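Visitor: Take a look at the following structure, please.
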Amino acid sequence: MQITDAKVIAGRLSKVRDIMKSEGVDIYVVVTGDYHISEYAGDYFKEREFITGFTGSAGTAVITQDDARLFTDGRYFVQAEKQIEGTGFSLMRVGAPGVMNVAQYCESIVKDGMSMGFDGRTMPAEEGIELSDICKKAGAGCLYDFDAIENIYEDRAAFPHSKAFYLDEEYSGESIISKLSRIRKYMDNKNADIHIMATLDDICWTFNIRGCDVECNPVIMAYSVITKDEAYIYTDKDRFDDKTLAKFGEACVEVLPYDSIYEDITRMNGKVLIDKRRVNMRIYQLIQSGRDVEAVLSDNPAMLFKAIKNETEIRNLYSVHVDDGVAVTKFIFWLKKNVASGNITEADAAAYLDNLRSNIKDYIELSFDTISAYNENAAMMHYHADETNAAVLKPEGMLLVDSGGQYMRGTTDITRTIALGPVTDEMKMYYTLTLKGMLSLANAKFLKGCNGFSLDILARAPLWNVGMDYRCGTGHGIGYLLNVHESPNGFRWKHNPGKNDLAVIEEGMVTSDEPGVYIEGRFGIRIENEIVCQKDFDNEYGTFLKFDMLTVVPIDLELVDVNYLDAVDIERLNKYQERVYKTLESYFDGEEKDMLREATRPVGV
């Protein structure tokens with residue numbers, strides 16, 4: 001875990017406060033992200049990390065002259081506490097009982113005559129609107145273009161600029177022309193003349209392009225404007241080869257300079273469809289300030305369309321999960337065979353798995369940095385080991401490995417918790433209850449109309465029954481050669497209206513199923529499979545849906561205690577293990593095939 005020297009962070013904080021004072025800003029809000037509301041931003045955009053020292057993917061800093069707070073969620077409590085120690089920042093554990101979120105905290109400290117500032121390019125419009133309203137109510141000013149870090153950010157990375165490539169229909173399954181037609185029909189239904197997109201995955205999906213501007217997210221920095229007759233991509237034209245430009249020409253798509261989007265918005269007339277959760281505050285403010293422009297607030301149609309994978313994408317996903325499953329299974333066998341040597345660290349294990357993936361024929365990159373966390377480190381949900389801090393693995397306890405790849409055939413995401421030797425009865429209990437929940441959700445039959453709030457209880461119930469829970473969602477949507485975390489589908493139990501809405505689960509949606517147990521200072525457990533929604537049958541009550549497993553990697557039977565499983569759980573487990581064996585057996589021979597047969601043997605019979 002990278003920890004920036006606390007004195008360095010304190011020095012930066014002092015400089016920011018000097019700038020705030022000179023500009024008359026009393027409260028400075030620094031969010032995590034780029035100009036496109038991306039979950040993972042490139043190195044150029046790491047201002048929040050620069051000022052706090054916290055390296056997690058989610059968090060917001062709120063700075064005043066005499067206080068500094070870092071807000072983050074339950075995935076990062078342990079990590080954040082360690083990284084901000086001694087920096088002058090204190091941790092706000094968002095979601096914990098009695099802890100305010102960013103908006104509530106700002107509301108509690110803002111007073112008449114004060115001024116709040118933030119960079120409207122990185123602030124999601126929905127959050128910026130809330131902060132602006134808080135300021136208005138308190139009689140405070142709000143600056144949408146305040147960036148105190150920009151001028152003190154030494155050794156800043158270059159702005160991302162990668163070459164793009166075109167995703168042929170053998171992978172995308174749909175042409176640009178078809179996608180634009182569907183988007184325009186959606187616009188017509190909303191009575192909108194113009195649609196602005198800022199989110200990179202929506203833009204890349206719409207125009208069948210991919211790139212590498214954001215590590216592990218195959219996208220390029222771009223904006224897009226779509227009208228009833230025209231379509232524009234705002235980015236650098238030299239990113240595209242002749243083939244891609246020809247495809248754009250066929251679809252009447254024009255490439256315009258990246259930064260010119262803001263000036264073009266000021267000249268727009270008519271009704272503009274935007275998703276305030278998926279554009280930045282600067283775009284929103286420009287639209288709202290236009291005299292002949294009316295904002296039509298709605299979901300990005302591309303977000304909704306791309307969540308439902310087409311037949312081509314699903315066929316490719318089944319294929320790539322076999323190759324990915326072979327790599328992960330070979331990794332598990334190698335680990336169990338060699339851990340006793342005492343020469344393998346968490347980082348070594350991650351590197352071995354990463355190398356196996358890199359040899360798959362259409363591999364592009366990882367879908368996120370591999371999490372390889374031993375024993376107590378696994379209690380940190382997004383722990384990352386490197387050569388400077390990696391724990392040495394011993395032939396005892398558990399290693400949690402969360403990993404995935406980006407391939408032309410799609411995106412993978414899988415977690416396995418692996419016994420390295422003797423484990424405690426408590427570990428087995430929690431592992432088995434986690435497994436029970438994962439299998440319960442994956443085998444659900446449900447009426448069309450359910451969303452992730454309806455189904456989350458299936459995964460949590462076994463843990464809730466013993467007074468255990470996990471501080472995160474149970475699952476997230478997964479893109480196709482796009483973001484490994486993709487809206488709008490997912491599984492969560494806690495509903496915050498307007499903040500974390502989940503879409504109805506539809507046929508073709510791919511979602512992760514990953515319950516877990518995280519006990520600080522001791523161990524962490526997670527079991528994650530990808531599942532795809534399918535139609536089951538129709539009857540008098542409506543359409544029933546089900547899930548099918550995409551992931552094919554054995555469950556570690558050394559961690560299973562059948563005393564915590566009912567007959568239906570044992571049947572589900574054995575059925576899954578049998579499927580894994582039949583799917584993977586032709587890829588193994590000799591000793592490894594014997595290990596596969598043993599790893600997938602039936603239990604409880």
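Ordered as shown in the structure tokens, chains take letters A, B, and onward, while each chain numbers its residues from 1 and ligands are numbered from 1 in the order shown.
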Which residues, written as JSON, numbers by chain, have at least one atom at most 8 Å from segment 530-535 of chain A, with only C-alpha atoms counted and residues fewer than 2 positions away on the same chain left out?
Guide: {"A": [412, 413, 414, 442, 505, 506, 507, 508, 509, 510, 511, 512, 513, 528, 537, 543, 544, 545, 546, 547, 548, 549, 550, 551]}
Visitor: For N, CA and C atoms, I'd like the residues from the last selection saved as an mmCIF file, in the first residue's frame.
Guide:
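So out02.cif came out as:
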data_model
loop_
_atom_site.group_PDB
_atom_site.id
_atom_site.type_symbol
_atom_site.label_atom_id
_atom_site.label_comp_id
_atom_site.auth_asym_id
_atom_site.auth_seq_id
_atom_site.Cartn_x
_atom_site.Cartn_y
_atom_site.Cartn_z
ATOM 1 N N THR A 412 -13.916 -9.760 -18.069
ATOM 2 C CA THR A 412 -14.121 -10.747 -17.008
ATOM 3 C C THR A 412 -13.788 -10.154 -15.646
ATOM 4 N N ASP A 413 -14.420 -10.717 -14.631
ATOM 5 C CA ASP A 413 -14.234 -10.286 -13.240
ATOM 6 C C ASP A 413 -14.572 -11.471 -12.357
ATOM 7 N N ILE A 414 -13.601 -11.951 -11.606
ATOM 8 C CA ILE A 414 -13.804 -13.149 -10.769
ATOM 9 C C ILE A 414 -13.021 -13.009 -9.476
ATOM 10 N N ALA A 442 -27.386 -16.761 -7.613
ATOM 11 C CA ALA A 442 -27.124 -17.230 -8.975
ATOM 12 C C ALA A 442 -28.203 -18.179 -9.478
ATOM 13 N N ILE A 505 -33.899 -5.774 -13.811
ATOM 14 C CA ILE A 505 -33.024 -6.783 -14.403
ATOM 15 C C ILE A 505 -33.673 -7.322 -15.677
ATOM 16 N N GLU A 506 -32.945 -7.205 -16.795
ATOM 17 C CA GLU A 506 -33.475 -7.602 -18.104
ATOM 18 C C GLU A 506 -32.638 -8.745 -18.682
ATOM 19 N N GLU A 507 -33.254 -9.492 -19.597
ATOM 20 C CA GLU A 507 -32.521 -10.522 -20.326
ATOM 21 C C GLU A 507 -31.306 -9.895 -21.001
ATOM 22 N N GLY A 508 -30.162 -10.519 -20.867
ATOM 23 C CA GLY A 508 -28.948 -10.032 -21.495
ATOM 24 C C GLY A 508 -28.066 -9.206 -20.583
ATOM 25 N N MET A 509 -28.563 -8.810 -19.422
ATOM 26 C CA MET A 509 -27.724 -8.060 -18.486
ATOM 27 C C MET A 509 -26.733 -8.997 -17.815
ATOM 28 N N VAL A 510 -25.493 -8.545 -17.719
ATOM 29 C CA VAL A 510 -24.432 -9.307 -17.046
ATOM 30 C C VAL A 510 -24.087 -8.587 -15.748
ATOM 31 N N THR A 511 -24.110 -9.326 -14.639
ATOM 32 C CA THR A 511 -23.913 -8.739 -13.319
ATOM 33 C C THR A 511 -23.004 -9.643 -12.505
ATOM 34 N N SER A 512 -22.231 -9.055 -11.606
ATOM 35 C CA SER A 512 -21.425 -9.877 -10.698
ATOM 36 C C SER A 512 -22.265 -10.306 -9.508
ATOM 37 N N ASP A 513 -21.893 -11.426 -8.929
ATOM 38 C CA ASP A 513 -22.558 -11.990 -7.747
ATOM 39 C C ASP A 513 -21.433 -12.291 -6.766
ATOM 40 N N GLU A 528 -16.846 -14.619 -6.131
ATOM 41 C CA GLU A 528 -17.513 -13.838 -7.177
ATOM 42 C C GLU A 528 -17.577 -14.597 -8.490
ATOM 43 N N PHE A 537 -39.465 -18.784 -18.354
ATOM 44 C CA PHE A 537 -40.752 -19.204 -18.924
ATOM 45 C C PHE A 537 -41.806 -18.128 -18.671
ATOM 46 N N THR A 543 -43.643 -13.058 -16.960
ATOM 47 C CA THR A 543 -42.400 -13.667 -17.449
ATOM 48 C C THR A 543 -41.448 -13.924 -16.296
ATOM 49 N N PHE A 544 -41.033 -15.177 -16.160
ATOM 50 C CA PHE A 544 -40.043 -15.519 -15.151
ATOM 51 C C PHE A 544 -38.649 -15.525 -15.787
ATOM 52 N N LEU A 545 -37.692 -14.961 -15.059
ATOM 53 C CA LEU A 545 -36.314 -14.894 -15.509
ATOM 54 C C LEU A 545 -35.424 -15.727 -14.594
ATOM 55 N N LYS A 546 -34.201 -15.974 -15.045
ATOM 56 C CA LYS A 546 -33.225 -16.720 -14.255
ATOM 57 C C LYS A 546 -31.843 -16.215 -14.633
ATOM 58 N N PHE A 547 -30.837 -16.709 -13.945
ATOM 59 C CA PHE A 547 -29.447 -16.392 -14.255
ATOM 60 C C PHE A 547 -28.723 -17.644 -14.724
ATOM 61 N N ASP A 548 -27.713 -17.442 -15.547
ATOM 62 C CA ASP A 548 -26.793 -18.518 -15.887
ATOM 63 C C ASP A 548 -25.386 -18.049 -15.565
ATOM 64 N N MET A 549 -24.566 -18.946 -15.070
ATOM 65 C CA MET A 549 -23.194 -18.606 -14.702
ATOM 66 C C MET A 549 -22.315 -18.503 -15.949
ATOM 67 N N LEU A 550 -21.585 -17.408 -16.042
ATOM 68 C CA LEU A 550 -20.554 -17.277 -17.074
ATOM 69 C C LEU A 550 -19.215 -17.801 -16.571
ATOM 70 N N THR A 551 -18.926 -17.567 -15.301
ATOM 71 C CA THR A 551 -17.644 -17.930 -14.695
ATOM 72 C C THR A 551 -17.540 -19.441 -14.518
#
Visitor: Compile the contact shell of Gly117 of chain A as a PyMOL selection string: residues with an atom at most 12 Å away, counting only C-alpha atoms, same-chain residues fewer than 6 positions apart removed.
Guide: chain A and resi 19-21+23-31+62-64+106+110+123+128+131-132+135+140-149
Visitor: Could you please take those selected residues and save N, CA and C atoms as a short mmCIF file (atom, residue, chain, number, x, y, z; two decimals), in the first residue's frame?
Guide:
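The new file result09.cif reads:
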data_model
loop_
_atom_site.label_atom_id
_atom_site.label_comp_id
_atom_site.auth_asym_id
_atom_site.auth_seq_id
_atom_site.Cartn_x
_atom_site.Cartn_y
_atom_site.Cartn_z
N ILE A 19 -4.18 29.48 -0.98
CA ILE A 19 -4.89 29.85 -2.21
C ILE A 19 -6.36 30.11 -1.91
N MET A 20 -6.96 29.27 -1.08
CA MET A 20 -8.36 29.49 -0.70
C MET A 20 -8.54 30.86 -0.07
N LYS A 21 -7.64 31.21 0.81
CA LYS A 21 -7.73 32.50 1.51
C LYS A 21 -7.61 33.66 0.53
N GLU A 23 -8.36 33.68 -2.59
CA GLU A 23 -9.49 33.71 -3.51
C GLU A 23 -10.84 33.85 -2.81
N GLY A 24 -10.80 33.94 -1.48
CA GLY A 24 -12.04 34.11 -0.73
C GLY A 24 -12.92 32.88 -0.68
N VAL A 25 -12.31 31.70 -0.72
CA VAL A 25 -13.06 30.44 -0.66
C VAL A 25 -12.92 29.85 0.75
N ASP A 26 -14.06 29.62 1.39
CA ASP A 26 -14.06 29.10 2.77
C ASP A 26 -14.13 27.58 2.83
N ILE A 27 -14.79 26.98 1.85
CA ILE A 27 -14.97 25.52 1.82
C ILE A 27 -14.58 25.04 0.42
N TYR A 28 -13.65 24.11 0.36
CA TYR A 28 -13.16 23.61 -0.93
C TYR A 28 -13.46 22.12 -1.00
N VAL A 29 -14.19 21.70 -2.04
CA VAL A 29 -14.57 20.31 -2.21
C VAL A 29 -13.80 19.72 -3.39
N VAL A 30 -13.09 18.63 -3.13
CA VAL A 30 -12.28 17.97 -4.16
C VAL A 30 -12.81 16.56 -4.35
N VAL A 31 -13.36 16.30 -5.52
CA VAL A 31 -13.92 14.98 -5.78
C VAL A 31 -12.89 14.09 -6.48
N VAL A 62 -13.02 17.49 1.76
CA VAL A 62 -13.62 18.79 2.07
C VAL A 62 -12.65 19.53 2.98
N ILE A 63 -12.18 20.69 2.50
CA ILE A 63 -11.12 21.43 3.18
C ILE A 63 -11.62 22.81 3.60
N THR A 64 -11.37 23.17 4.85
CA THR A 64 -11.59 24.54 5.33
C THR A 64 -10.27 25.03 5.92
N CYS A 106 -21.21 19.54 4.50
CA CYS A 106 -21.10 20.91 3.97
C CYS A 106 -22.25 21.78 4.46
N VAL A 110 -21.50 25.39 6.35
CA VAL A 110 -21.61 26.59 5.53
C VAL A 110 -22.48 27.63 6.24
N MET A 123 -16.77 17.77 -11.10
CA MET A 123 -17.90 17.58 -10.19
C MET A 123 -19.11 17.03 -10.97
N GLY A 128 -23.08 18.57 -7.80
CA GLY A 128 -22.88 20.01 -7.85
C GLY A 128 -24.16 20.78 -7.61
N LEU A 131 -24.86 20.76 -3.86
CA LEU A 131 -24.00 21.69 -3.13
C LEU A 131 -24.39 23.14 -3.41
N SER A 132 -24.74 23.42 -4.66
CA SER A 132 -25.17 24.77 -5.02
C SER A 132 -26.44 25.16 -4.26
N CYS A 135 -25.65 26.03 -0.70
CA CYS A 135 -25.08 27.38 -0.59
C CYS A 135 -26.17 28.45 -0.69
N ALA A 140 -24.76 31.59 0.97
CA ALA A 140 -23.33 31.52 0.64
C ALA A 140 -23.14 31.53 -0.87
N GLY A 141 -21.95 31.92 -1.30
CA GLY A 141 -21.61 31.88 -2.71
C GLY A 141 -21.10 30.51 -3.12
N CYS A 142 -21.13 30.24 -4.43
CA CYS A 142 -20.65 28.96 -4.93
C CYS A 142 -19.87 29.19 -6.22
N LEU A 143 -18.58 28.84 -6.20
CA LEU A 143 -17.72 29.00 -7.37
C LEU A 143 -17.56 27.65 -8.07
N TYR A 144 -17.96 27.61 -9.34
CA TYR A 144 -17.95 26.35 -10.08
C TYR A 144 -16.65 26.11 -10.83
N ASP A 145 -15.73 27.06 -10.79
CA ASP A 145 -14.49 26.92 -11.55
C ASP A 145 -13.26 27.11 -10.68
N PHE A 146 -13.35 26.65 -9.43
CA PHE A 146 -12.26 26.84 -8.48
C PHE A 146 -11.43 25.56 -8.39
N ASP A 147 -10.14 25.67 -8.69
CA ASP A 147 -9.22 24.53 -8.64
C ASP A 147 -7.92 24.98 -7.99
N ALA A 148 -7.85 24.86 -6.67
CA ALA A 148 -6.67 25.33 -5.93
C ALA A 148 -5.48 24.39 -6.07
N ILE A 149 -5.71 23.19 -6.54
CA ILE A 149 -4.63 22.21 -6.60
C ILE A 149 -3.85 22.32 -7.91
#
Visitor: Please provide as a list of chain:residue names all residues within 8 Å of Gly56 of chain A, with the sequence filter that same-chain residues fewer than 4 positions apart are discarded (counting only C-alpha atoms).
Guide: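 Final neighbour list, sorted by chain and number: A:Glu49, A:Tyr76, A:Gln79, A:Ala80, A:His382.
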Visitor: Any idea what's packed within 9 Å of Ile283 of chain A, counting only C-alpha atoms, ignoring anything in its chain fewer than 2 positions away? Could you give it as a ChimeraX atom specification?
Guide: /A:120-121,125,196,198,261-262,265,279-281,285-288
Visitor: For N, CA and C atoms, I'd like the residues from the last selection saved as an mmCIF file, in the first residue's frame.
Guide:
data_model
loop_
_atom_site.group_PDB
_atom_site.id
_atom_site.type_symbol
_atom_site.label_atom_id
_atom_site.label_comp_id
_atom_site.auth_asym_id
_atom_site.auth_seq_id
_atom_site.Cartn_x
_atom_site.Cartn_y
_atom_site.Cartn_z
ATOM 1 N N GLY A 120 -15.886 22.536 -11.513
ATOM 2 C CA GLY A 120 -17.102 22.048 -12.146
ATOM 3 C C GLY A 120 -16.866 21.026 -13.232
ATOM 4 N N ARG A 121 -15.636 20.944 -13.746
ATOM 5 C CA ARG A 121 -15.340 19.945 -14.778
ATOM 6 C C ARG A 121 -15.278 18.536 -14.198
ATOM 7 N N ALA A 125 -22.756 16.635 -12.097
ATOM 8 C CA ALA A 125 -23.780 17.669 -12.027
ATOM 9 C C ALA A 125 -24.746 17.426 -10.874
ATOM 10 N N ILE A 196 -26.411 15.270 -25.240
ATOM 11 C CA ILE A 196 -24.989 15.417 -24.894
ATOM 12 C C ILE A 196 -24.562 14.246 -24.027
ATOM 13 N N ALA A 198 -21.152 12.700 -21.916
ATOM 14 C CA ALA A 198 -19.804 12.947 -21.406
ATOM 15 C C ALA A 198 -19.143 11.673 -20.914
ATOM 16 N N ILE A 261 -16.293 21.533 -27.079
ATOM 17 C CA ILE A 261 -17.637 21.168 -26.618
ATOM 18 C C ILE A 261 -18.260 22.286 -25.795
ATOM 19 N N TYR A 262 -17.484 22.927 -24.927
ATOM 20 C CA TYR A 262 -18.047 23.924 -24.017
ATOM 21 C C TYR A 262 -18.506 25.167 -24.780
ATOM 22 N N ILE A 265 -21.736 24.334 -26.709
ATOM 23 C CA ILE A 265 -22.949 24.296 -25.879
ATOM 24 C C ILE A 265 -23.573 25.684 -25.762
ATOM 25 N N VAL A 279 -23.070 13.821 -16.560
ATOM 26 C CA VAL A 279 -22.358 14.975 -17.124
ATOM 27 C C VAL A 279 -21.778 15.767 -15.962
ATOM 28 N N ASN A 280 -20.771 16.586 -16.264
ATOM 29 C CA ASN A 280 -20.173 17.375 -15.191
ATOM 30 C C ASN A 280 -20.967 18.666 -14.964
ATOM 31 N N MET A 281 -20.671 19.314 -13.858
ATOM 32 C CA MET A 281 -21.416 20.505 -13.460
ATOM 33 C C MET A 281 -21.222 21.650 -14.448
ATOM 34 N N GLN A 285 -24.276 23.620 -16.065
ATOM 35 C CA GLN A 285 -24.431 25.062 -15.857
ATOM 36 C C GLN A 285 -24.548 25.807 -17.179
ATOM 37 N N LEU A 286 -23.762 25.410 -18.178
ATOM 38 C CA LEU A 286 -23.818 26.073 -19.481
ATOM 39 C C LEU A 286 -25.180 25.870 -20.139
ATOM 40 N N ILE A 287 -25.725 24.679 -20.013
ATOM 41 C CA ILE A 287 -27.051 24.419 -20.578
ATOM 42 C C ILE A 287 -28.116 25.231 -19.855
ATOM 43 N N GLN A 288 -28.023 25.244 -18.534
ATOM 44 C CA GLN A 288 -29.030 25.958 -17.737
ATOM 45 C C GLN A 288 -28.977 27.469 -17.977
#
Visitor: So that I can check the surroundings of Asp259 of chain A, please list as a PDB file with C-alpha atoms, in the first residue's frame every protein, DNA and RNA residue that reaches within 12 Å of it, counting only C-alpha atoms and ignoring chain neighbours fewer than 3 positions away.
Guide:
ATOM      1  CA  TYR A  35     -14.122  15.513 -16.669  1.00  0.00           C
ATOM      2  CA  ARG A 121     -15.340  19.945 -14.778  1.00  0.00           C
ATOM      3  CA  MET A 221     -11.230  10.987 -23.610  1.00  0.00           C
ATOM      4  CA  ALA A 222     -14.148  12.383 -25.575  1.00  0.00           C
ATOM      5  CA  TYR A 223     -17.499  14.126 -25.459  1.00  0.00           C
ATOM      6  CA  SER A 224     -20.353  13.575 -27.889  1.00  0.00           C
ATOM      7  CA  ILE A 233     -17.287  13.199 -31.269  1.00  0.00           C
ATOM      8  CA  TYR A 234     -15.161  15.778 -29.485  1.00  0.00           C
ATOM      9  CA  THR A 235     -11.647  14.397 -29.301  1.00  0.00           C
ATOM     10  CA  ASP A 236      -8.367  14.502 -31.236  1.00  0.00           C
ATOM     11  CA  VAL A 255     -14.794  14.561 -35.219  1.00  0.00           C
ATOM     12  CA  LEU A 256     -14.355  17.968 -33.536  1.00  0.00           C
ATOM     13  CA  TYR A 262     -18.047  23.924 -24.017  1.00  0.00           C
ATOM     14  CA  GLU A 263     -18.146  26.738 -26.569  1.00  0.00           C
ATOM     15  CA  ASP A 264     -20.525  24.763 -28.782  1.00  0.00           C
ATOM     16  CA  ILE A 265     -22.949  24.296 -25.879  1.00  0.00           C
ATOM     17  CA  ILE A 283     -21.835  21.264 -18.866  1.00  0.00           C
TER      18      ILE A 283
END
Visitor: Would you pick out the contacts of segment 206-211 of chain A at 6 Å or less, using only C-alpha atoms, so that residues sharing its chain but fewer than 4 positions from it are not included, and give the list as a PyMOL selection string?
Guide: chain A and resi 164-167+176+218-220
Visitor: Hey, which of A:Arg460, A:Lys336, A:Arg75, A:Arg278 ends up closest to Gly59 of chain A? Count only C-alpha atoms.
Guide: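 Result for the nearest residue to Gly59 of chain A: A:Arg75.
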Visitor: Residues of segment 181-300 of chain A classed as strand (DSSP E or B) by DSSP on the backbone are to be reported as a ChimeraX atom specification.
Guide: /A:194-197,209-210,214,217,223-227,231-234,253-256,270-274,280,293-297
Visitor: Taking the backbone alone, and naming residues the way the document does, which bits of segment 87-131 of chain A are helix (DSSP H, G or I) by DSSP, as a PyMOL selection string?
Guide: chain A and resi 102-109+125-131
Visitor: Skip Lys46 of chain A itself and residues of its chain fewer than 3 positions away, then list as number ranges by chain all residues within 12 Å of it, counting only C-alpha atoms.
Guide: A: 30-35, 39-43, 49-60, 122, 149-150, 153-159
